[in-house]
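Everything below belongs to start_2.cif, which stores mmCIF, C-alpha atoms.
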```
data_target
#
loop_
_atom_site.label_atom_id
_atom_site.label_comp_id
_atom_site.auth_asym_id
_atom_site.auth_seq_id
_atom_site.Cartn_x
_atom_site.Cartn_y
_atom_site.Cartn_z
CA MET L 1 -31.75 13.75 -27.94
CA SER L 2 -29.12 13.65 -25.19
CA GLU L 3 -29.30 11.92 -21.85
CA SER L 4 -31.41 13.16 -18.97
CA PRO L 5 -29.75 15.95 -16.92
CA HIS L 6 -30.77 14.20 -13.71
CA HIS L 7 -28.12 11.49 -13.74
CA THR L 8 -25.84 11.44 -10.71
CA ARG L 9 -22.36 12.79 -11.36
CA LEU L 10 -19.65 10.20 -10.85
CA PRO L 11 -16.58 10.68 -8.64
CA PRO L 12 -13.40 11.68 -10.50
CA ALA L 13 -11.73 8.53 -11.88
CA LEU L 14 -10.93 6.66 -15.07
CA TYR L 15 -13.83 4.33 -15.87
CA VAL L 16 -12.71 1.46 -18.13
CA VAL L 17 -15.94 0.54 -19.91
CA ALA L 18 -16.49 -2.69 -21.86
CA THR L 19 -18.68 -2.29 -24.96
CA PRO L 20 -20.36 -4.80 -27.31
CA ILE L 21 -18.23 -6.75 -29.81
CA GLY L 22 -21.08 -6.91 -32.31
CA ASN L 23 -24.57 -7.17 -30.88
CA LEU L 24 -25.44 -3.83 -29.29
CA GLY L 25 -27.90 -5.60 -27.00
CA ASP L 26 -24.93 -6.95 -25.05
CA ILE L 27 -24.10 -3.60 -23.47
CA THR L 28 -24.67 -3.63 -19.72
CA LEU L 29 -26.95 -1.32 -17.78
CA ARG L 30 -23.99 -0.21 -15.70
CA ALA L 31 -22.00 0.64 -18.83
CA LEU L 32 -24.86 2.80 -20.10
CA ASP L 33 -25.26 4.54 -16.73
CA THR L 34 -21.51 5.19 -16.60
CA LEU L 35 -21.36 6.63 -20.10
CA LYS L 36 -24.31 8.89 -19.29
CA CYS L 37 -22.76 10.16 -16.06
CA VAL L 38 -19.09 10.77 -16.95
CA ASP L 39 -17.87 14.20 -17.99
CA ARG L 40 -16.13 13.00 -21.13
CA VAL L 41 -15.31 9.83 -23.07
CA ALA L 42 -11.87 8.84 -24.32
CA ALA L 43 -12.06 6.40 -27.22
CA GLU L 44 -9.84 4.27 -29.43
CA ASP L 45 -11.71 5.63 -32.46
CA THR L 46 -14.10 8.53 -31.89
CA ARG L 47 -16.02 7.66 -35.08
CA VAL L 48 -16.80 4.13 -33.88
CA SER L 49 -17.57 5.17 -30.31
CA GLY L 50 -19.56 8.16 -31.52
CA GLN L 51 -21.92 5.81 -33.34
CA LEU L 52 -22.30 3.70 -30.20
CA LEU L 53 -23.11 6.74 -28.05
CA ALA L 54 -25.54 8.08 -30.65
CA HIS L 55 -27.36 4.73 -30.78
CA PHE L 56 -28.09 5.06 -27.05
CA ASN L 57 -28.81 8.82 -27.22
CA ILE L 58 -25.73 9.76 -25.24
CA SER L 59 -23.89 12.98 -26.02
CA LYS L 60 -20.44 13.50 -24.50
CA PRO L 61 -17.21 15.25 -25.46
CA LEU L 62 -15.03 12.64 -27.24
CA VAL L 63 -11.24 12.51 -27.36
CA SER L 64 -9.18 10.00 -29.36
CA ILE L 65 -6.69 7.83 -27.50
CA ARG L 66 -5.08 5.34 -29.85
CA GLU L 67 -2.01 3.17 -29.48
CA HIS L 68 0.27 5.71 -31.15
CA ASN L 69 -0.72 8.63 -28.89
CA GLU L 70 -1.66 6.79 -25.71
CA ARG L 71 1.26 7.97 -23.58
CA VAL L 72 0.82 11.64 -24.51
CA ALA L 73 -2.98 11.55 -24.27
CA ALA L 74 -2.71 9.94 -20.84
CA ASP L 75 -1.35 13.23 -19.48
CA LYS L 76 -4.53 15.01 -20.61
CA VAL L 77 -6.73 12.36 -18.97
CA ILE L 78 -4.74 12.60 -15.74
CA ALA L 79 -5.15 16.38 -15.74
CA TRP L 80 -8.91 16.07 -16.27
CA ILE L 81 -9.31 13.57 -13.46
CA ALA L 82 -7.09 15.60 -11.12
CA ALA L 83 -9.33 18.58 -11.86
CA GLY L 84 -12.40 16.60 -10.78
CA ASP L 85 -13.65 15.00 -14.00
CA ALA L 86 -14.95 11.47 -14.42
CA VAL L 87 -13.51 10.07 -17.67
CA ALA L 88 -14.66 6.89 -19.41
CA TYR L 89 -12.36 4.95 -21.71
CA VAL L 90 -13.76 2.65 -24.42
CA SER L 91 -12.06 0.69 -27.18
CA ASP L 92 -13.73 -0.02 -30.52
CA ALA L 93 -15.27 -3.23 -29.16
CA GLY L 94 -15.01 -5.44 -26.10
CA THR L 95 -12.99 -4.82 -22.95
CA PRO L 96 -10.25 -2.17 -23.24
CA ALA L 97 -6.62 -3.13 -22.57
CA ILE L 98 -7.21 -6.78 -23.58
CA SER L 99 -5.17 -6.89 -26.83
CA ASP L 100 -6.58 -3.38 -27.35
CA PRO L 101 -5.29 0.07 -26.45
CA GLY L 102 -5.86 1.15 -22.87
CA ALA L 103 -3.22 -0.63 -20.79
CA ARG L 104 -0.76 2.30 -20.92
CA LEU L 105 -3.51 4.74 -20.05
CA VAL L 106 -4.62 2.65 -17.06
CA ALA L 107 -1.02 2.28 -15.85
CA ALA L 108 -0.38 6.01 -16.17
CA VAL L 109 -3.54 6.93 -14.25
CA ARG L 110 -2.67 4.48 -11.49
CA ALA L 111 0.92 5.74 -11.35
CA ALA L 112 -0.46 9.25 -10.85
CA GLY L 113 -2.26 8.00 -7.74
CA LEU L 114 -5.72 8.34 -9.27
CA THR L 115 -8.60 5.87 -9.28
CA VAL L 116 -9.34 3.34 -12.03
CA VAL L 117 -12.81 1.75 -12.01
CA PRO L 118 -13.47 -1.29 -14.23
CA ILE L 119 -16.95 -1.50 -15.76
CA PRO L 120 -17.03 -5.15 -16.88
CA GLY L 121 -18.89 -6.56 -19.83
CA VAL L 122 -18.28 -8.31 -23.12
CA SER L 123 -14.91 -9.84 -23.95
CA ALA L 124 -14.25 -11.98 -27.02
CA VAL L 125 -12.00 -14.24 -24.92
CA THR L 126 -14.65 -15.27 -22.41
CA THR L 127 -17.38 -15.28 -25.05
CA ALA L 128 -15.49 -17.86 -27.11
CA LEU L 129 -14.40 -19.91 -24.08
CA SER L 130 -17.99 -20.19 -22.86
CA ALA L 131 -18.89 -22.02 -26.08
CA ALA L 132 -15.71 -24.12 -26.42
CA GLY L 133 -16.30 -26.67 -23.66
CA ILE L 134 -12.87 -26.57 -22.00
CA GLU L 135 -13.63 -28.94 -19.11
CA SER L 136 -10.40 -28.42 -17.17
CA GLY L 137 -11.05 -24.70 -16.80
CA GLN L 138 -7.34 -24.08 -17.39
CA TRP L 139 -6.46 -21.75 -20.24
CA LEU L 140 -3.78 -19.28 -21.23
CA PHE L 141 -4.72 -16.16 -23.15
CA HIS L 142 -1.86 -15.29 -25.48
CA GLY L 143 -3.51 -12.69 -27.70
CA PHE L 144 -2.04 -12.11 -31.16
CA LEU L 145 0.88 -14.20 -32.39
CA PRO L 146 3.73 -12.56 -34.37
CA PRO L 147 2.91 -11.83 -38.03
CA LYS L 148 5.99 -13.61 -39.44
CA SER L 149 5.84 -17.40 -39.70
CA GLY L 150 9.31 -18.12 -38.30
CA THR L 151 8.78 -16.02 -35.19
CA ARG L 152 5.24 -17.33 -34.84
CA ARG L 153 6.40 -20.96 -34.94
CA ALA L 154 9.11 -20.27 -32.39
CA GLN L 155 6.56 -18.73 -30.04
CA LEU L 156 4.17 -21.63 -30.53
CA GLN L 157 7.00 -24.00 -29.68
CA THR L 158 7.40 -22.35 -26.28
CA LEU L 159 3.69 -22.95 -25.63
CA ALA L 160 3.52 -26.56 -26.87
CA ALA L 161 4.32 -28.18 -23.51
CA LEU L 162 1.72 -26.24 -21.51
CA PRO L 163 -1.04 -28.51 -20.17
CA SER L 164 -3.74 -25.85 -20.63
CA ALA L 165 -5.88 -24.61 -23.49
CA LEU L 166 -4.24 -21.87 -25.57
CA VAL L 167 -6.32 -18.86 -26.60
CA PHE L 168 -5.35 -16.52 -29.42
CA TYR L 169 -6.78 -13.65 -31.43
CA GLU L 170 -6.21 -13.62 -35.18
CA ALA L 171 -7.09 -11.39 -38.10
CA PRO L 172 -8.79 -12.81 -41.22
CA HIS L 173 -5.82 -12.11 -43.51
CA ARG L 174 -3.50 -14.23 -41.32
CA ILE L 175 -5.79 -16.99 -40.06
CA GLU L 176 -4.82 -19.52 -42.75
CA GLU L 177 -1.07 -19.12 -42.18
CA THR L 178 -1.49 -19.19 -38.41
CA LEU L 179 -3.52 -22.41 -38.39
CA ALA L 180 -1.03 -24.05 -40.76
CA ASP L 181 1.79 -23.16 -38.35
CA MET L 182 -0.21 -24.42 -35.38
CA ALA L 183 -0.84 -27.76 -37.11
CA ALA L 184 2.88 -28.04 -37.88
CA VAL L 185 4.21 -27.11 -34.43
CA LEU L 186 1.54 -28.40 -32.04
CA ASP L 187 0.03 -31.89 -32.02
CA SER L 188 -2.18 -31.80 -35.11
CA ALA L 189 -4.69 -34.11 -33.40
CA ARG L 190 -5.46 -31.54 -30.70
CA PRO L 191 -8.95 -30.07 -31.05
CA VAL L 192 -9.21 -26.40 -31.94
CA THR L 193 -12.27 -24.18 -31.62
CA LEU L 194 -12.55 -21.44 -34.22
CA ALA L 195 -14.93 -18.68 -33.16
CA ARG L 196 -15.52 -15.94 -35.71
CA GLU L 197 -17.84 -12.94 -35.97
CA LEU L 198 -18.91 -13.49 -32.36
CA THR L 199 -22.36 -12.07 -31.46
CA LYS L 200 -22.85 -10.87 -35.03
CA ARG L 201 -25.27 -12.08 -37.72
CA PHE L 202 -22.84 -14.54 -39.31
CA GLU L 203 -21.33 -15.87 -36.08
CA SER L 204 -19.85 -19.34 -36.41
CA ILE L 205 -18.18 -21.57 -33.82
CA VAL L 206 -16.69 -24.91 -34.88
CA THR L 207 -14.45 -27.43 -33.13
CA LEU L 208 -12.29 -29.82 -35.14
CA ALA L 209 -8.79 -31.30 -35.15
CA LEU L 210 -5.97 -28.87 -35.86
CA ALA L 211 -5.03 -30.98 -38.86
CA ASP L 212 -8.48 -30.39 -40.35
CA ALA L 213 -8.63 -26.64 -39.67
CA PRO L 214 -6.87 -25.46 -42.87
CA GLY L 215 -9.26 -27.60 -44.93
CA TRP L 216 -12.28 -26.13 -43.15
CA LEU L 217 -11.09 -22.61 -43.95
CA ALA L 218 -10.53 -23.49 -47.60
CA ALA L 219 -13.97 -25.09 -47.98
CA ASP L 220 -15.85 -21.78 -48.03
CA PRO L 221 -14.60 -18.22 -48.68
CA ASN L 222 -16.90 -17.02 -45.87
CA HIS L 223 -14.95 -19.12 -43.36
CA VAL L 224 -12.01 -16.71 -43.48
CA ARG L 225 -14.04 -13.55 -42.96
CA GLY L 226 -14.23 -11.70 -39.67
CA GLU L 227 -12.08 -11.55 -36.57
CA PHE L 228 -11.18 -14.88 -34.95
CA VAL L 229 -10.72 -16.28 -31.48
CA VAL L 230 -8.70 -19.49 -31.80
CA ILE L 231 -8.77 -21.91 -28.86
CA VAL L 232 -6.38 -24.86 -29.03
CA HIS L 233 -7.71 -27.40 -26.53
CA PRO L 234 -5.38 -28.91 -23.90
CA PRO L 235 -3.30 -31.94 -24.85
CA VAL L 236 -4.55 -35.26 -23.51
CA ALA L 237 -3.10 -36.22 -20.14
CA SER L 238 -0.62 -38.72 -21.57
CA GLU L 239 0.88 -35.98 -23.74
CA VAL L 240 1.46 -33.50 -20.92
CA VAL L 241 5.20 -33.56 -20.42
CA VAL L 242 5.47 -31.09 -17.59
CA ASP L 243 3.32 -31.72 -14.53
CA ALA L 244 2.14 -29.25 -11.92
CA GLU L 245 5.02 -29.98 -9.52
CA ALA L 246 7.62 -29.40 -12.24
CA MET L 247 5.91 -26.11 -13.12
CA ARG L 248 5.98 -25.05 -9.46
CA VAL L 249 9.68 -25.86 -9.09
CA LEU L 250 10.53 -24.09 -12.32
CA ASP L 251 8.55 -21.00 -11.38
CA VAL L 252 10.42 -20.74 -8.06
CA LEU L 253 13.80 -21.09 -9.76
CA LEU L 254 12.95 -18.55 -12.47
CA ALA L 255 12.48 -15.92 -9.79
CA GLU L 256 16.23 -16.06 -9.14
CA LEU L 257 17.86 -17.66 -12.19
CA PRO L 258 17.99 -17.27 -15.97
CA PRO L 259 15.97 -19.81 -18.02
CA THR L 260 18.83 -22.12 -18.99
CA LEU L 261 20.07 -22.61 -15.42
CA ALA L 262 16.54 -22.78 -14.00
CA ALA L 263 15.62 -25.51 -16.49
CA LYS L 264 18.82 -27.45 -15.73
CA LEU L 265 18.22 -27.44 -11.97
CA ALA L 266 14.50 -28.15 -12.34
CA SER L 267 15.38 -31.16 -14.50
CA LYS L 268 17.66 -32.52 -11.78
CA ILE L 269 15.02 -31.95 -9.10
CA THR L 270 12.01 -33.36 -10.96
CA GLY L 271 13.55 -35.79 -13.44
CA ARG L 272 11.77 -34.07 -16.30
CA SER L 273 13.33 -33.26 -19.66
CA LYS L 274 15.62 -30.22 -19.54
CA ALA L 275 14.60 -29.24 -23.07
CA GLU L 276 10.89 -29.28 -22.24
CA LEU L 277 11.52 -27.39 -19.02
CA TYR L 278 13.45 -24.76 -20.94
CA LYS L 279 10.50 -24.32 -23.32
CA MET L 280 8.25 -24.03 -20.29
CA SER L 281 10.53 -21.40 -18.76
CA LEU L 282 10.23 -19.22 -21.85
CA ALA L 283 6.44 -19.54 -21.71
CA LEU L 284 6.35 -18.64 -18.01
CA LYS L 285 8.85 -15.78 -18.38
CA PRO L 286 8.76 -14.68 -22.02
CA GLN L 287 10.92 -11.62 -21.38
CA ALA L 288 13.58 -13.53 -19.45
CA GLN L 289 17.15 -13.36 -20.77
CA ASP L 290 20.04 -15.74 -20.19
CA ASP L 291 22.55 -13.25 -18.88
CA VAL L 292 24.84 -15.57 -16.94
#
```

Would you kindly transcribe this structure into structure tokens?
Amino acid sequence: MSESPHHTRLPPALYVVATPIGNLGDITLRALDTLKCVDRVAAEDTRVSGQLLAHFNISKPLVSIREHNERVAADKVIAWIAAGDAVAYVSDAGTPAISDPGARLVAAVRAAGLTVVPIPGVSAVTTALSAAGIESGQWLFHGFLPPKSGTRRAQLQTLAALPSALVFYEAPHRIEETLADMAAVLDSARPVTLARELTKRFESIVTLALADAPGWLAADPNHVRGEFVVIVHPPVASEVVVDAEAMRVLDVLLAELPPTLAAKLASKITGRSKAELYKMSLALKPQAQDDV
């Protein structure tokens, strides 16, 4: 049975709709109303989203927009919206464009001068953080680390000096290697919260020292199953090398200078270590290049 024909038609726009990451009861009333009222639904995987729509007795034309075809498919979505259609976009689970496809589509629709409407809901990041007890409220979402250990360790090194919690996504087949690299590069005494299978039947959330995390994974084959959110808690105050003032100075300098020179000048201004400030500069501006 499809939805009632009496739902109000939505204005033409791209509606970015968050969907449950496991428990279907987490879908919002607004998300359901939006999915019932749009003209069509663009989805990361039409098979996955088709099951979601069927569960809630919603029938809509589905089109696949995955990472490999996102730029091309965006042109179709733009044409639909320009013609007066309301189009919803959903990823397989959670909030689209957060380490999921959708960001290119959103950017393309905005660049075309059309409206993008966020329909908020479940996100694995905030779900895990709400159960981690990060008292400072300061955290950096990094998403997925590189798959190769050498590149992964180098990237972790650029994050080591940050005074905030570090939040990552990781797949089950890489979680052991990633935690081993974290324990080697970061302070192994820092607490880490491992949140897996969030909102699902076998959800587990544990907090332990980074040094103990590989052992916890090895203790039970079930511990490595499911998608992970990994939250490395902030270093203790005495271990924070770069303070807020140094970060502010460095951020100002990075707007005009390459990382090496910005770190050198920031070191002279603040008295902080040039090496640590350089690491911080790469974390603040990961795409920056030393071209002078």

Pairwise distance, CA of Ala283 (chain L) with CA of Thr193 (chain L), equals 21.7 Å

Counting only C-alpha atoms, what is within 12 Å of region 196-201 of chain L, bar same-chain residues fewer than 3 positions away, as a PyMOL selection string? chain L and resi 20-27+93-94+122-131+168-172+175+193+204-207+217+222-231

For the file shown, what are the residues hit by the PyMOL selection byres ((chain L and resi 154) around 12), laid out as a list of chain:residue names?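 Evaluating the PyMOL selection byres ((chain L and resi 154) around 12) on these coordinates yields L:Leu145, L:Pro146, L:Pro147, L:Lys148, L:Ser149, L:Gly150, L:Thr151, L:Arg152, L:Arg153, L:Gln155, L:Leu156, L:Gln157, L:Thr158, L:Leu159, L:Ala160, L:Asp181, L:Met182, L:Ala184, L:Val185, L:Leu186, L:Lys279, L:Leu282, L:Ala283, L:Pro286.
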
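For the pair CA of Arg190 (chain L) and CA of Pro221 (chain L), the interatomic distance is 24.2 Å.
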
Please report the interatomic distance between CA of Ile81 (chain L) and CA of Asn57 (chain L) in Å with one decimal.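 We find that CA of Ile81 (chain L) and CA of Asn57 (chain L) lie 24.3 Å from each other.
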
Could you complete region 32-48 of chain L so that it carries N, CA and C atoms, and give it back as a PDB file, keeping the file's coordinate frame?
```
ATOM      1  N   LEU L  32     -24.054   1.681 -19.622  1.00  0.00           N
ATOM      2  CA  LEU L  32     -24.860   2.800 -20.100  1.00  0.00           C
ATOM      3  C   LEU L  32     -24.935   3.904 -19.051  1.00  0.00           C
ATOM      4  N   ASP L  33     -25.175   3.533 -17.801  1.00  0.00           N
ATOM      5  CA  ASP L  33     -25.260   4.540 -16.730  1.00  0.00           C
ATOM      6  C   ASP L  33     -23.933   5.286 -16.607  1.00  0.00           C
ATOM      7  N   THR L  34     -22.824   4.555 -16.718  1.00  0.00           N
ATOM      8  CA  THR L  34     -21.510   5.190 -16.600  1.00  0.00           C
ATOM      9  C   THR L  34     -21.274   6.169 -17.730  1.00  0.00           C
ATOM     10  N   LEU L  35     -21.562   5.760 -18.947  1.00  0.00           N
ATOM     11  CA  LEU L  35     -21.360   6.630 -20.100  1.00  0.00           C
ATOM     12  C   LEU L  35     -22.241   7.878 -20.037  1.00  0.00           C
ATOM     13  N   LYS L  36     -23.412   7.744 -19.439  1.00  0.00           N
ATOM     14  CA  LYS L  36     -24.310   8.890 -19.290  1.00  0.00           C
ATOM     15  C   LYS L  36     -23.833   9.859 -18.214  1.00  0.00           C
ATOM     16  N   CYS L  37     -23.088   9.344 -17.233  1.00  0.00           N
ATOM     17  CA  CYS L  37     -22.760  10.160 -16.060  1.00  0.00           C
ATOM     18  C   CYS L  37     -21.344  10.736 -16.061  1.00  0.00           C
ATOM     19  N   VAL L  38     -20.453  10.216 -16.925  1.00  0.00           N
ATOM     20  CA  VAL L  38     -19.090  10.770 -16.950  1.00  0.00           C
ATOM     21  C   VAL L  38     -19.093  12.151 -17.602  1.00  0.00           C
ATOM     22  N   ASP L  39     -17.993  12.861 -17.405  1.00  0.00           N
ATOM     23  CA  ASP L  39     -17.870  14.200 -17.990  1.00  0.00           C
ATOM     24  C   ASP L  39     -17.401  14.154 -19.433  1.00  0.00           C
ATOM     25  N   ARG L  40     -16.607  13.143 -19.762  1.00  0.00           N
ATOM     26  CA  ARG L  40     -16.130  13.000 -21.130  1.00  0.00           C
ATOM     27  C   ARG L  40     -15.749  11.553 -21.390  1.00  0.00           C
ATOM     28  N   VAL L  41     -15.626  11.205 -22.679  1.00  0.00           N
ATOM     29  CA  VAL L  41     -15.310   9.830 -23.070  1.00  0.00           C
ATOM     30  C   VAL L  41     -14.049   9.835 -23.931  1.00  0.00           C
ATOM     31  N   ALA L  42     -13.057   9.069 -23.508  1.00  0.00           N
ATOM     32  CA  ALA L  42     -11.870   8.840 -24.320  1.00  0.00           C
ATOM     33  C   ALA L  42     -12.085   7.541 -25.089  1.00  0.00           C
ATOM     34  N   ALA L  43     -11.732   7.528 -26.364  1.00  0.00           N
ATOM     35  CA  ALA L  43     -12.060   6.400 -27.220  1.00  0.00           C
ATOM     36  C   ALA L  43     -10.918   6.030 -28.137  1.00  0.00           C
ATOM     37  N   GLU L  44     -10.841   4.736 -28.460  1.00  0.00           N
ATOM     38  CA  GLU L  44      -9.840   4.270 -29.430  1.00  0.00           C
ATOM     39  C   GLU L  44     -10.080   4.926 -30.783  1.00  0.00           C
ATOM     40  N   ASP L  45     -11.334   4.977 -31.210  1.00  0.00           N
ATOM     41  CA  ASP L  45     -11.710   5.630 -32.460  1.00  0.00           C
ATOM     42  C   ASP L  45     -13.000   6.403 -32.199  1.00  0.00           C
ATOM     43  N   THR L  46     -12.933   7.715 -32.237  1.00  0.00           N
ATOM     44  CA  THR L  46     -14.100   8.530 -31.890  1.00  0.00           C
ATOM     45  C   THR L  46     -15.258   8.311 -32.874  1.00  0.00           C
ATOM     46  N   ARG L  47     -14.951   7.917 -34.112  1.00  0.00           N
ATOM     47  CA  ARG L  47     -16.020   7.660 -35.080  1.00  0.00           C
ATOM     48  C   ARG L  47     -16.828   6.433 -34.682  1.00  0.00           C
ATOM     49  N   VAL L  48     -16.129   5.370 -34.297  1.00  0.00           N
ATOM     50  CA  VAL L  48     -16.800   4.130 -33.880  1.00  0.00           C
ATOM     51  C   VAL L  48     -17.576   4.360 -32.586  1.00  0.00           C
TER      52      VAL L  48
END
```
